[in-house]
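Structure below is protein.csv: CSV, C-alpha atoms and all ligand atoms.
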```
chain,number,residue,atom,x,y,z
L,1083,MET,CA,0.0,0.0,0.0
L,1084,ASP,CA,1.3,3.4,-1.0
L,1085,ARG,CA,0.4,6.2,1.4
L,1086,SER,CA,1.1,8.8,-1.2
L,1087,PHE,CA,-2.2,7.6,-2.9
L,1088,PRO,CA,-5.6,7.9,-1.2
L,1089,LEU,CA,-6.8,4.8,0.7
L,1090,ILE,CA,-10.3,4.1,-0.6
L,1091,ASP,CA,-13.0,1.4,0.0
L,1092,LEU,CA,-15.6,1.3,-2.7
L,1093,HIS,CA,-17.5,-1.8,-1.6
L,1094,ARG,CA,-18.5,-1.9,2.0
L,1095,HIS,CA,-22.0,-2.9,3.3
L,1096,LEU,CA,-22.8,-0.8,6.4
L,1097,ASP,CA,-25.4,-3.4,7.4
L,1098,GLY,CA,-22.7,-6.0,7.4
L,1099,ASN,CA,-20.3,-3.9,9.4
L,1100,VAL,CA,-21.9,-3.3,12.8
L,1101,ARG,CA,-19.7,-3.1,16.0
L,1102,LEU,CA,-20.2,-6.1,18.3
L,1103,GLY,CA,-20.7,-3.7,21.2
L,1104,THR,CA,-23.4,-2.0,19.3
L,1105,ILE,CA,-25.2,-5.3,18.5
L,1106,LEU,CA,-25.2,-6.0,22.3
L,1107,GLU,CA,-26.5,-2.6,23.3
L,1108,LEU,CA,-29.2,-2.5,20.6
L,1109,GLY,CA,-30.2,-6.1,21.4
L,1110,GLU,CA,-30.8,-5.1,25.0
L,1111,ARG,CA,-32.7,-1.9,24.1
L,1112,HIS,CA,-35.0,-3.6,21.7
L,1113,GLY,CA,-35.5,-6.9,23.6
L,1114,VAL,CA,-33.8,-9.1,21.1
L,1115,PRO,CA,-32.4,-12.2,22.7
L,1116,LEU,CA,-28.8,-12.7,21.4
L,1117,PRO,CA,-26.6,-15.8,21.3
L,1118,GLY,CA,-24.0,-14.1,23.4
L,1119,SER,CA,-23.9,-11.5,26.2
L,1120,THR,CA,-20.3,-10.3,25.8
L,1121,THR,CA,-18.5,-9.3,22.6
L,1122,GLU,CA,-16.4,-12.5,22.8
L,1123,SER,CA,-19.3,-14.8,23.3
L,1124,LEU,CA,-21.2,-13.0,20.5
L,1125,ARG,CA,-18.2,-13.0,18.1
L,1126,PRO,CA,-18.5,-16.5,16.6
L,1127,HIS,CA,-22.1,-15.9,15.8
L,1128,VAL,CA,-21.6,-12.8,13.8
L,1129,GLN,CA,-18.0,-13.1,12.6
L,1130,VAL,CA,-16.2,-15.7,10.4
L,1131,THR,CA,-13.7,-17.3,12.8
L,1132,GLY,CA,-12.8,-20.4,10.8
L,1133,VAL,CA,-13.4,-22.1,7.5
L,1134,MET,CA,-17.1,-21.8,6.6
L,1135,PRO,CA,-18.7,-25.0,5.2
L,1136,ASP,CA,-20.9,-23.2,2.7
L,1137,LEU,CA,-22.4,-19.9,1.6
L,1138,PRO,CA,-25.6,-20.2,3.7
L,1139,SER,CA,-23.6,-20.5,6.9
L,1140,TRP,CA,-21.6,-17.4,5.9
L,1141,LEU,CA,-24.9,-15.5,5.2
L,1142,ALA,CA,-26.3,-16.6,8.6
L,1143,LYS,CA,-23.7,-14.3,10.2
L,1144,LEU,CA,-25.6,-11.3,8.7
L,1145,HIS,CA,-28.6,-12.1,10.8
L,1146,TRP,CA,-27.8,-10.5,14.1
L,1147,MET,CA,-26.7,-7.2,12.6
L,1148,THR,CA,-30.2,-6.4,11.3
L,1149,ALA,CA,-32.1,-8.4,14.0
L,1150,VAL,CA,-31.3,-5.6,16.5
L,1151,LEU,CA,-32.4,-2.7,14.3
L,1152,GLY,CA,-35.5,-2.1,16.4
L,1153,ASP,CA,-36.2,1.5,15.2
L,1154,PRO,CA,-34.9,4.1,12.8
L,1155,ASP,CA,-32.6,5.5,15.5
L,1156,ALA,CA,-30.7,2.2,15.5
L,1157,CYS,CA,-30.2,2.5,11.8
L,1158,ARG,CA,-29.0,6.0,12.2
L,1159,ARG,CA,-26.5,4.9,14.9
L,1160,ILE,CA,-24.9,2.1,12.8
L,1161,ALA,CA,-24.6,4.4,9.8
L,1162,ARG,CA,-22.9,7.1,11.9
L,1163,GLU,CA,-20.5,4.5,13.5
L,1164,ASN,CA,-19.6,3.1,10.0
L,1165,VAL,CA,-18.4,6.6,9.0
L,1166,GLU,CA,-16.5,7.1,12.2
L,1167,ASP,CA,-14.9,3.6,11.9
L,1168,ALA,CA,-13.8,4.3,8.3
L,1169,LYS,CA,-12.1,7.4,9.6
L,1170,GLY,CA,-10.5,5.5,12.5
L,1171,GLU,CA,-9.2,3.0,10.0
L,1172,GLY,CA,-7.3,5.7,8.1
L,1173,LEU,CA,-9.5,5.7,5.0
L,1174,ASP,CA,-9.5,8.9,2.8
L,1175,TYR,CA,-12.8,8.1,1.1
L,1176,VAL,CA,-15.5,5.4,1.5
L,1177,GLU,CA,-18.6,4.4,-0.4
L,1178,LEU,CA,-21.0,2.8,2.0
L,1179,ARG,CA,-23.9,0.7,0.7
L,1180,PHE,CA,-27.1,-0.5,2.4
L,1181,SER,CA,-30.3,-2.3,1.7
L,1182,PRO,CA,-33.2,-0.5,3.3
L,1183,TYR,CA,-35.6,-3.4,2.9
L,1184,PHE,CA,-33.2,-5.8,4.4
L,1185,MET,CA,-32.6,-3.5,7.4
L,1186,ALA,CA,-36.3,-2.7,7.8
L,1187,LYS,CA,-37.6,-6.3,7.6
L,1188,PRO,CA,-36.8,-7.8,11.1
L,1189,HIS,CA,-38.8,-5.2,12.9
L,1190,GLY,CA,-41.3,-4.2,10.2
L,1191,LEU,CA,-39.9,-0.7,9.9
L,1192,ASP,CA,-40.9,1.6,7.1
L,1193,PRO,CA,-38.1,1.3,4.5
L,1194,ALA,CA,-38.3,5.0,3.7
L,1195,ALA,CA,-37.8,5.8,7.4
L,1196,VAL,CA,-34.7,3.6,7.3
L,1197,VAL,CA,-33.3,5.5,4.3
L,1198,ALA,CA,-33.9,8.8,6.0
L,1199,ALA,CA,-32.2,7.5,9.2
L,1200,VAL,CA,-29.2,6.2,7.3
L,1201,VAL,CA,-28.8,9.4,5.5
L,1202,ALA,CA,-29.0,11.3,8.8
L,1203,GLY,CA,-26.5,9.0,10.4
L,1204,VAL,CA,-24.0,9.3,7.6
L,1205,GLU,CA,-24.3,13.1,7.8
L,1206,GLU,CA,-23.7,13.0,11.6
L,1207,GLY,CA,-20.6,10.9,11.1
L,1208,ARG,CA,-19.4,13.1,8.3
L,1209,SER,CA,-19.6,16.3,10.4
L,1210,SER,CA,-18.1,14.7,13.5
L,1211,SER,CA,-15.2,13.0,11.8
L,1212,GLY,CA,-14.6,14.9,8.5
L,1213,MET,CA,-14.7,11.6,6.6
L,1214,LYS,CA,-15.4,11.8,2.9
L,1215,VAL,CA,-18.3,9.4,2.2
L,1216,ASN,CA,-20.9,8.6,-0.4
L,1217,LEU,CA,-23.9,6.3,-0.1
L,1218,ILE,CA,-25.0,3.6,-2.5
L,1219,GLY,CA,-28.5,2.2,-2.3
L,1220,ILE,CA,-29.0,-1.6,-2.7
L,1221,LEU,CA,-31.9,-3.5,-4.1
L,1222,SER,CA,-31.9,-7.0,-2.4
L,1223,ARG,CA,-32.9,-9.2,-5.3
L,1224,THR,CA,-33.5,-12.2,-3.0
L,1225,HIS,CA,-36.7,-10.6,-1.7
L,1226,GLY,CA,-38.2,-10.5,-5.2
L,1227,VAL,CA,-39.1,-8.0,-7.9
L,1228,GLU,CA,-42.0,-6.4,-6.0
L,1229,ALA,CA,-40.0,-5.9,-2.8
L,1230,CYS,CA,-37.3,-4.3,-4.9
L,1231,THR,CA,-39.9,-1.8,-6.2
L,1232,THR,CA,-40.7,-0.9,-2.6
L,1233,GLU,CA,-37.0,-0.6,-1.8
L,1234,LEU,CA,-36.3,1.5,-4.9
L,1235,GLU,CA,-39.2,3.9,-3.9
L,1236,ALA,CA,-37.8,4.2,-0.4
L,1237,LEU,CA,-34.3,5.1,-1.8
L,1238,LEU,CA,-35.8,7.6,-4.2
L,1239,THR,CA,-37.2,9.6,-1.3
L,1240,CYS,CA,-33.5,10.6,-0.6
L,1241,ARG,CA,-32.5,10.7,-4.2
L,1242,GLU,CA,-30.0,13.5,-3.9
L,1243,ARG,CA,-28.1,12.0,-0.9
L,1244,ILE,CA,-27.4,8.7,-2.8
L,1245,VAL,CA,-24.9,8.5,-5.6
L,1246,ALA,CA,-25.6,5.0,-7.1
L,1247,LEU,CA,-27.9,2.0,-7.2
L,1248,ASP,CA,-26.7,-1.6,-6.6
L,1249,LEU,CA,-28.3,-5.0,-6.9
L,1250,ALA,CA,-27.2,-7.6,-4.3
L,1251,GLY,CA,-28.3,-11.0,-3.1
L,1252,ASP,CA,-28.7,-14.4,-4.9
L,1253,GLU,CA,-27.5,-13.7,-8.4
L,1254,LYS,CA,-28.2,-17.2,-9.7
L,1255,ALA,CA,-31.9,-17.3,-8.6
L,1256,TRP,CA,-32.6,-13.7,-9.4
L,1257,PRO,CA,-30.9,-12.7,-12.7
L,1258,ALA,CA,-30.2,-9.0,-13.4
L,1259,GLU,CA,-32.6,-8.7,-16.3
L,1260,LEU,CA,-35.6,-9.1,-14.0
L,1261,PHE,CA,-34.7,-5.7,-12.6
L,1262,THR,CA,-34.3,-3.8,-15.8
L,1263,PRO,CA,-37.2,-1.3,-15.1
L,1264,HIS,CA,-35.8,-0.6,-11.6
L,1265,PHE,CA,-32.4,0.4,-12.9
L,1266,LYS,CA,-33.9,2.5,-15.7
L,1267,ARG,CA,-35.7,4.5,-13.0
L,1268,GLY,CA,-32.4,4.7,-11.0
L,1269,ARG,CA,-30.5,6.0,-14.0
L,1270,ASP,CA,-33.2,8.5,-14.8
L,1271,ALA,CA,-32.9,9.7,-11.2
L,1272,GLY,CA,-29.3,10.5,-12.0
L,1273,TRP,CA,-27.7,7.6,-10.1
L,1274,ALA,CA,-24.6,5.7,-11.3
L,1275,VAL,CA,-25.0,1.9,-11.4
L,1276,THR,CA,-22.9,-0.9,-9.8
L,1277,VAL,CA,-24.2,-4.5,-9.7
L,1278,HIS,CA,-23.1,-7.6,-7.7
L,1279,ALA,CA,-22.3,-10.0,-10.5
L,1280,GLY,CA,-19.8,-12.7,-11.4
L,1281,GLU,CA,-19.3,-13.7,-7.8
L,1282,ALA,CA,-21.5,-16.8,-7.3
L,1283,ASP,CA,-22.6,-16.9,-11.0
L,1284,GLY,CA,-20.5,-16.7,-14.1
L,1285,ALA,CA,-19.5,-14.2,-16.8
L,1286,PRO,CA,-23.1,-14.1,-18.4
L,1287,SER,CA,-24.3,-12.5,-15.2
L,1288,ILE,CA,-21.8,-9.7,-15.7
L,1289,TRP,CA,-22.8,-9.2,-19.3
L,1290,SER,CA,-26.5,-8.9,-18.2
L,1291,ALA,CA,-25.6,-6.4,-15.5
L,1292,ILE,CA,-23.9,-4.2,-18.1
L,1293,ARG,CA,-26.4,-4.7,-21.0
L,1294,ASN,CA,-29.7,-4.7,-19.1
L,1295,LEU,CA,-29.0,-2.5,-16.0
L,1296,GLY,CA,-26.3,-0.2,-17.4
L,1297,ALA,CA,-23.7,-1.0,-14.8
L,1298,THR,CA,-20.5,1.1,-15.1
L,1299,ARG,CA,-19.0,-0.9,-12.2
L,1300,ILE,CA,-19.3,-4.5,-11.1
L,1301,GLY,CA,-19.4,-5.8,-7.5
L,1302,HIS,CA,-16.8,-8.6,-7.4
L,1303,GLY,CA,-16.9,-9.5,-11.2
L,1304,ILE,CA,-14.2,-12.1,-10.7
L,1305,ARG,CA,-15.7,-14.6,-13.1
L,1306,ALA,CA,-14.8,-12.2,-15.9
L,1307,VAL,CA,-11.6,-14.1,-16.2
L,1308,ASP,CA,-13.5,-16.9,-17.9
L,1309,ASP,CA,-14.6,-14.8,-20.9
L,1310,PRO,CA,-12.0,-13.1,-23.1
L,1311,ALA,CA,-14.6,-11.0,-25.0
L,1312,LEU,CA,-15.9,-9.7,-21.6
L,1313,ILE,CA,-12.4,-8.8,-20.5
L,1314,ASP,CA,-12.0,-6.8,-23.7
L,1315,HIS,CA,-15.4,-5.1,-23.1
L,1316,LEU,CA,-14.6,-4.2,-19.5
L,1317,ARG,CA,-11.2,-2.8,-20.5
L,1318,SER,CA,-12.4,-0.7,-23.4
L,1319,GLY,CA,-15.5,0.5,-21.5
L,1320,ARG,CA,-13.4,1.3,-18.4
L,1321,ILE,CA,-15.9,-0.7,-16.3
L,1322,GLY,CA,-14.3,-1.1,-12.9
L,1323,LEU,CA,-14.4,-4.2,-10.7
L,1324,GLU,CA,-14.9,-4.0,-6.9
L,1325,VAL,CA,-13.0,-7.1,-5.8
L,1326,ASN,CA,-13.2,-8.3,-2.2
L,1327,LEU,CA,-10.4,-10.8,-1.6
L,1328,THR,CA,-11.1,-12.2,1.9
L,1329,SER,CA,-14.8,-12.3,1.3
L,1330,ASN,CA,-14.4,-14.3,-1.9
L,1331,VAL,CA,-12.4,-17.0,-0.1
L,1332,GLN,CA,-14.8,-17.1,2.9
L,1333,THR,CA,-17.9,-17.5,0.6
L,1334,HIS,CA,-16.1,-20.1,-1.5
L,1335,SER,CA,-16.4,-18.0,-4.6
L,1336,VAL,CA,-12.7,-18.9,-5.0
L,1337,ARG,CA,-11.0,-22.0,-3.6
L,1338,SER,CA,-8.1,-20.2,-1.9
L,1339,MET,CA,-6.3,-16.9,-1.8
L,1340,ARG,CA,-3.5,-18.3,-3.9
L,1341,GLU,CA,-5.9,-19.1,-6.7
L,1342,HIS,CA,-7.8,-15.8,-6.6
L,1343,PRO,CA,-8.1,-14.3,-10.1
L,1344,MET,CA,-7.3,-10.7,-9.0
L,1345,LYS,CA,-3.7,-10.9,-10.3
L,1346,ARG,CA,-5.0,-12.0,-13.7
L,1347,LEU,CA,-7.6,-9.3,-13.8
L,1348,LEU,CA,-4.9,-6.7,-13.2
L,1349,ALA,CA,-2.6,-8.3,-15.7
L,1350,GLU,CA,-5.4,-7.9,-18.3
L,1351,GLY,CA,-5.4,-4.2,-17.6
L,1352,LEU,CA,-8.8,-4.1,-15.9
L,1353,LEU,CA,-9.7,-1.4,-13.4
L,1354,ALA,CA,-9.8,-3.9,-10.5
L,1355,THR,CA,-9.8,-2.6,-7.0
L,1356,ILE,CA,-9.4,-3.9,-3.4
L,1357,ASN,CA,-12.3,-3.6,-1.0
L,1358,THR,CA,-13.7,-5.1,2.2
L,1359,ASP,CA,-17.4,-6.1,1.5
L,1360,ASP,CA,-18.4,-6.8,5.2
L,1361,PRO,CA,-15.5,-6.0,7.5
L,1362,VAL,CA,-17.0,-7.1,10.8
L,1363,ILE,CA,-18.4,-10.3,9.4
L,1364,SER,CA,-15.1,-11.1,7.7
L,1365,GLY,CA,-13.1,-10.0,10.7
L,1366,ILE,CA,-10.9,-7.7,8.6
L,1367,ASP,CA,-10.3,-4.1,7.6
L,1368,LEU,CA,-9.0,-2.5,4.4
L,1369,ASN,CA,-5.4,-2.4,5.8
L,1370,HIS,CA,-5.6,-6.2,6.2
L,1371,GLU,CA,-6.8,-6.6,2.6
L,1372,TYR,CA,-3.8,-4.5,1.3
L,1373,ARG,CA,-1.1,-5.8,3.7
L,1374,VAL,CA,-2.1,-9.4,4.1
L,1375,ALA,CA,-4.7,-10.6,1.6
L,1376,ALA,CA,-3.3,-8.9,-1.5
L,1377,PRO,CA,0.3,-10.4,-1.1
L,1378,ALA,CA,-1.3,-13.8,-0.3
L,1379,ALA,CA,-3.2,-13.5,-3.6
L,1380,GLY,CA,0.2,-13.1,-5.3
L,1381,LEU,CA,0.1,-9.4,-6.0
L,1382,THR,CA,3.4,-7.5,-6.2
L,1383,PRO,CA,3.8,-4.1,-4.6
L,1384,GLU,CA,3.4,-2.5,-8.1
L,1385,GLU,CA,0.1,-4.4,-8.7
L,1386,ILE,CA,-1.1,-3.4,-5.3
L,1387,ARG,CA,-0.4,0.3,-6.2
L,1388,THR,CA,-2.2,-0.2,-9.5
L,1389,ALA,CA,-5.3,-1.5,-7.6
L,1390,GLN,CA,-5.1,1.5,-5.3
L,1391,ARG,CA,-4.8,3.9,-8.2
L,1392,ASN,CA,-7.8,2.2,-9.9
L,1393,ALA,CA,-10.0,2.9,-6.9
L,1394,VAL,CA,-9.3,6.7,-7.3
L,1395,GLU,CA,-10.3,6.4,-11.0
L,1396,ILE,CA,-13.6,4.4,-10.6
L,1397,ALA,CA,-14.9,6.1,-7.4
L,1398,PHE,CA,-18.3,7.7,-7.8
L,1399,ILE,CA,-16.9,11.3,-7.3
L,1400,THR,CA,-16.3,14.3,-9.5
L,1401,SER,CA,-13.0,15.0,-11.1
L,1402,GLY,CA,-12.5,17.9,-8.7
L,1403,GLU,CA,-13.0,15.6,-5.7
L,1404,ARG,CA,-10.6,13.1,-7.3
L,1405,GLN,CA,-7.9,15.8,-7.6
L,1406,SER,CA,-8.4,17.0,-4.0
L,1407,LEU,CA,-8.1,13.3,-2.7
L,1408,LEU,CA,-4.9,12.9,-4.7
L,1409,ALA,CA,-3.5,16.2,-3.5
L,1410,ALA,CA,-4.3,15.5,0.1
L,1411,ALA,CA,-2.6,12.1,0.0
L,1412,ARG,CA,0.5,13.5,-1.7
L,1413,GLN,CA,0.7,16.2,0.9
L,1414,ARG,CA,0.4,13.6,3.7
L,1415,SER,CA,3.3,11.6,2.4
L,1416,GLY,CA,5.4,14.7,2.1
X,1501,ZN,ZN,-21.1,-7.0,-1.5
```
Entire entry expressed as structure tokens:
Amino acid sequence: MDRSFPLIDLHRHLDGNVRLGTILELGERHGVPLPGSTTESLRPHVQVTGVMPDLPSWLAKLHWMTAVLGDPDACRRIARENVEDAKGEGLDYVELRFSPYFMAKPHGLDPAAVVAAVVAGVEEGRSSSGMKVNLIGILSRTHGVEACTTELEALLTCRERIVALDLAGDEKAWPAELFTPHFKRGRDAGWAVTVHAGEADGAPSIWSAIRNLGATRIGHGIRAVDDPALIDHLRSGRIGLEVNLTSNVQTHSVRSMREHPMKRLLAEGLLATINTDDPVISGIDLNHEYRVAAPAAGLTPEEIRTAQRNAVEIAFITSGERQSLLAAARQRSG
């Protein structure tokens, strides 16, 4: 990692990144019985602590982070803490994403109230920490097309506080093309588009995200390595990939860190980046991904620098913001 470049996380789920202490406090406040009463006894239930047998057991870790969201104030708190934690980690810029429907569901909250609370929490975190942050709204495809319409409408109530629309969840059972009208509305609202694709499913899922939803960035996208025509398309279209190394190993999207395709994606000249996905669940932070995971995936210091530079290029920010991030990092390193 080169500190003369900005340190940026472009793929981080705020609803997959809740402090253990906060889960305990919110659980108590909202009468949610938890599987542990201390951070250490709770940890194995919300964090990956060993090799996970399969994807469902990984996804089960997400349960407690939203189970304790008993009111909009709880949503506001976790949003604020995410911004503060990004600052504490030494990040220069972060894009936080969230699924209002997924957060609202356990306690039957109004998804629009969740969106307003998250926006307010991010604003509080921004003003207390000075962190540069943007929000990405997620449609959770696993809940179905209609639920995604409700979710989209909730996100549109804060249209100007959100920079992009994402599609997450089970990409095999719910292909991107089912959500074409949702993303047309999102683009018409002025949002950029990034889509989870090519993680659990193959290259055709990435093609569909680009052709049907207008994605200009892909969440994960690691299966692009299987399709030379797609590699050419991503390169010439400057479509960036938000790669999450540790997450990919933990969810069995790749067999081992050593076999991770990140090195090949970079060698192909793609705008691949290094991100965290769900830091608390994975038990990592961005520094770990740069210092431990990237070398374990075989990346050289030069390739790691390239990934860092790619993040500046594909971030959902203006060219003026890009220049000021670069200038601030250069100044820091003297
Ligand atoms: Zn993700």
Proximity check chain L to ligand ZN 1501 (chain X), 8 Å, nearest pairs one decimal Å, all atoms listed in the file, as a Markdown table:
```
| residue | atom | partner | partner_atom | distance |
| --- | --- | --- | --- | --- |
| L:His1093 | CA | X:ZN1501 | ZN | 6.3 |
| L:Arg1094 | CA | X:ZN1501 | ZN | 6.7 |
| L:His1095 | CA | X:ZN1501 | ZN | 6.4 |
| L:Ala1250 | CA | X:ZN1501 | ZN | 6.7 |
| L:His1278 | CA | X:ZN1501 | ZN | 6.5 |
| L:Gly1301 | CA | X:ZN1501 | ZN | 6.4 |
| L:His1302 | CA | X:ZN1501 | ZN | 7.5 |
| L:Asp1359 | CA | X:ZN1501 | ZN | 4.8 |
| L:Asp1360 | CA | X:ZN1501 | ZN | 7.2 |
```
Nearest to Thr1382 in chain L, chosen from L:Lys1345, L:Arg1404, L:Arg1412, L:Lys1187, with only C-alpha atoms counted in the distances:
L:Lys1345
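CA of Asp1308 in chain L sits 6.7 Å away from CA of Ala1285 in chain L.
Distances to Gln1129 in chain L were evaluated for L:Gln1405, L:Thr1231, L:Ser1364, L:Asn1099 using all atoms listed in the file, and the minimum falls at L:Ser1364.
Note that the spacing between CA of Asp1252 in chain L and CA of Arg1267 in chain L amounts to 21.7 Å.
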Two-atom distance - CA of Lys1214 in chain L, CA of Val1201 in chain L (Å)
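Value for the CA of Lys1214 in chain L-CA of Val1201 in chain L distance: 13.9 Å.
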List the residues sitting within 12 Å of (-30.4, -4.6, 20.2) in the file's frame, using all atoms listed in the file, as a PyMOL selection string.
chain L and resi 1100-1119+1146-1153+1155-1157+1159-1160+1188-1189
From the options L:Asp1167, L:Glu1403, L:Glu1341, L:Asp1136, which residue's atoms come nearest to Ala1379 in chain L, counting only C-alpha atoms?
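Comparing L:Asp1167, L:Glu1403, L:Glu1341, L:Asp1136 against Ala1379 in chain L, the winner is L:Glu1341.
Among the candidate residues L:Asn1164, L:Thr1121, L:Thr1328, L:Thr1388, the one lying nearest to Val1133 in chain L is L:Thr1328, with distances computed using all atoms listed in the file.
Between Arg1414 in chain L and the residues L:Gly1172, L:Gly1251, L:Gly1322, L:Pro1138, the shortest atom-to-atom distance, using all atoms listed in the file, involves L:Gly1172.
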When distances are computed from only C-alpha atoms, which of L:Asn1294, L:Thr1276, L:Ser1329, L:Ser1181 shows the smallest separation from Val1245 in chain L?
L:Thr1276
I'd like the contact shell of Ala1411 in chain L - 10 Å cut-off, all atoms listed in the file, skipping same-chain residues fewer than 2 positions apart - returned as a VMD selection string.
chain L and resid 1084 to 1089 1174 1405 to 1409 1413 to 1416
